[in-house]
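Below: one structure, written as structure tokens.
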Amino acid sequence: MDGKSLTNKVAIVSGSSSGIGAAIIRELSSRGAYTVVNYPLANFQEEAENLVASLPSPSIAIEADMAQVTSPQKLVDAAISEWNRIDILVNCVALAVNKPFESQTLQDWDLLVNTNARSTFLLTQAILPHLTNGCGRIVNIASISSRGPPPNQTIYAGTKGMVDSFTKCWAKELPPKYGCTVNAVSPGPTKTEGFAAAGEEQMKILQPIIDQTPSGPRMAEPDEIAFAVAFLCEERARWINGAHIIASGGLFVD
């Protein structure tokens, strides 16, 4: 495969200054894509700009808290202003709260539902008028938590279930109108800053599960998830639509 197979493609990746999102940016950029790096708040600006500076293809960093209703359009406007097109959208942004069900709050609900689910809904709506007809790619990052959730993830698993269902609906509805494909990638436990912040008590629950992974008793590396995403963005993946790739080393088999 040509190492620059996505040359001149424009990709927006929400939640992409670190973790899986940053790995997706690196993978798409390595294949020639122009990328929009999204970071949530000013204190993440340096992290995002360092990522942009390290990339082999043109990129811009945009501050936009995806929990806010105006942020999706801000990312789209930045991409159109810079390159006047959008070819790829990866809905990656997500936050998790790991608490017993009884301890989860309405504030937790609003934060996770707005960040993980509403932003996916709004950002996908916002890119459609600009999506390159005939070769557009929408990839939603779900989670194995949506289909096989552990304890303490009621709201997080629920929001990822919404993203899972969005993918199924959009894969039927959007391609006839916009000439795109819509797919999902569900990571299992992945070695990111966010996962590390799950806390000691949650890791006591998760570590025995991780140890049962058939492909090896470990967490995924972010670049292993990014490869699955980039595969779905390739031109030769044009006949893959409505797929749900579970990148968990076989930890969860649907």
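In the structure tokens, chains take the letters A, B, ... in the order shown, each chain's residues start at 1, and ligands count up from 1 in the order shown.
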**Request:** With a distance cut-off of 10 Å and only C-alpha atoms, select the neighbouring residues of Pro217 in chain A, excluding the residue or stretch itself and same-chain residues fewer than 6 positions from it, and output the selection as an MDAnalysis selection string.
**Result:** chainID A and resid 207:211 249 251
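Residues surrounding range 164-168 of chain A within 10 Å are Ala117, Thr120, Phe121, Ile138, Val139, Asn140, Ile141, Ala142, Ser143, Ile144, Ser146, Arg147, Gly158, Thr159, Lys160, Lys172, Glu173, Thr181, Val182, Asn183, Ala184, Val185, Ser186, Asn241, Gly242, Ala243 and His244 of chain A [only C-alpha atoms; sequence separation below 4 positions excluded].
Restricting the calculation to only C-alpha atoms, the smallest distance between Gln107 in chain A and any of A:Ile155, A:Ala126, A:Met162, A:Gly194 is found for A:Ile155.
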**Request:** Name the residues of range 93-186 of chain A that come out as helix (DSSP H, G or I) in a backbone DSSP run; write them as a ChimeraX atom specification.
**Result:** /A:101-103,106-130,144-146,154-173,175-178
**Request:** Could you tell me, as a VMD selection string, which residues of range 98-233 of chain A DSSP assigns to strand (DSSP E or B) when given the backbone?
**Result:** chain A and resid 131 136 to 141 180 to 187 190 220
**Request:** For His130 in chain A, list every protein, DNA or RNA residue within 8 Å, evaluated using only C-alpha atoms, and leave out those in the same chain fewer than 5 positions away; present the list as number ranges by chain.
**Result:** A: 80, 85-86
Kindly save the residues from that selection, with C-alpha atoms included, as a CSV table (one decimal), in the first residue's frame.
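So the final result, stored in out-v2.csv, reads:
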```csv
chain,number,residue,atom,x,y,z
A,80,ILE,CA,-13.1,24.7,5.6
A,85,ARG,CA,-12.9,20.5,2.0
A,86,ILE,CA,-13.5,17.7,4.5
```
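The nearest approach to Ser54 in chain A among the residues A:Val97, A:Leu123, A:Ala22, A:Ile205, with only C-alpha atoms taken into account, belongs to A:Ala22.
Picture a line from CA of Val163 in chain A to CA of Leu122 in chain A; it runs 12.0 Å.
Across A:Leu28, A:Pro175, A:Trp83, A:Leu95, the tightest approach to Ile240 in chain A is made by A:Pro175 when counting only C-alpha atoms.
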**Message:** Can you tell me which residues surround Gln45 in chain A at a distance of at most 10 Å, considering only C-alpha atoms, apart from same-chain residues fewer than 5 positions away, and format the answer as a PyMOL selection string?
**Reply:** chain A and resi 17+38-40+50-51+61-63
With N, CA and C atoms kept, could you save the residues just selected as a short mmCIF file (atom, residue, chain, number, x, y, z; two decimals), in the first residue's frame?
```
data_model
loop_
_atom_site.label_atom_id
_atom_site.label_comp_id
_atom_site.auth_asym_id
_atom_site.auth_seq_id
_atom_site.Cartn_x
_atom_site.Cartn_y
_atom_site.Cartn_z
N SER A 17 -5.62 15.62 20.91
CA SER A 17 -4.30 16.12 21.31
C SER A 17 -3.51 15.09 22.10
N ASN A 38 -7.80 18.55 17.67
CA ASN A 38 -8.74 19.21 18.57
C ASN A 38 -8.30 19.02 20.02
N TYR A 39 -8.19 20.14 20.74
CA TYR A 39 -7.90 20.07 22.17
C TYR A 39 -8.98 20.86 22.91
N PRO A 40 -9.28 20.49 24.18
CA PRO A 40 -10.48 21.04 24.82
C PRO A 40 -10.33 22.40 25.46
N ASN A 50 2.56 20.88 19.96
CA ASN A 50 3.71 19.97 19.84
C ASN A 50 3.38 18.80 18.91
N LEU A 51 2.15 18.30 19.02
CA LEU A 51 1.74 17.22 18.12
C LEU A 51 1.74 17.71 16.68
N ALA A 61 -4.15 23.09 14.94
CA ALA A 61 -4.68 22.77 16.26
C ALA A 61 -5.79 23.75 16.60
N ILE A 62 -6.94 23.22 17.01
CA ILE A 62 -8.10 24.06 17.30
C ILE A 62 -8.61 23.76 18.70
N GLU A 63 -8.73 24.81 19.51
CA GLU A 63 -9.32 24.66 20.84
C GLU A 63 -10.83 24.62 20.73
#
```
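Of the listed residues (A:Ser59, A:Gln202, A:Asn43, A:Asn114), A:Gln202 comes nearest to Asn152 in chain A; the distances count only C-alpha atoms.
The residue that comes closest to Ser5 in chain A, out of A:Ser30, A:Gln68, A:Ser18, A:Asn116 and on the basis of only C-alpha atoms, is A:Ser30.
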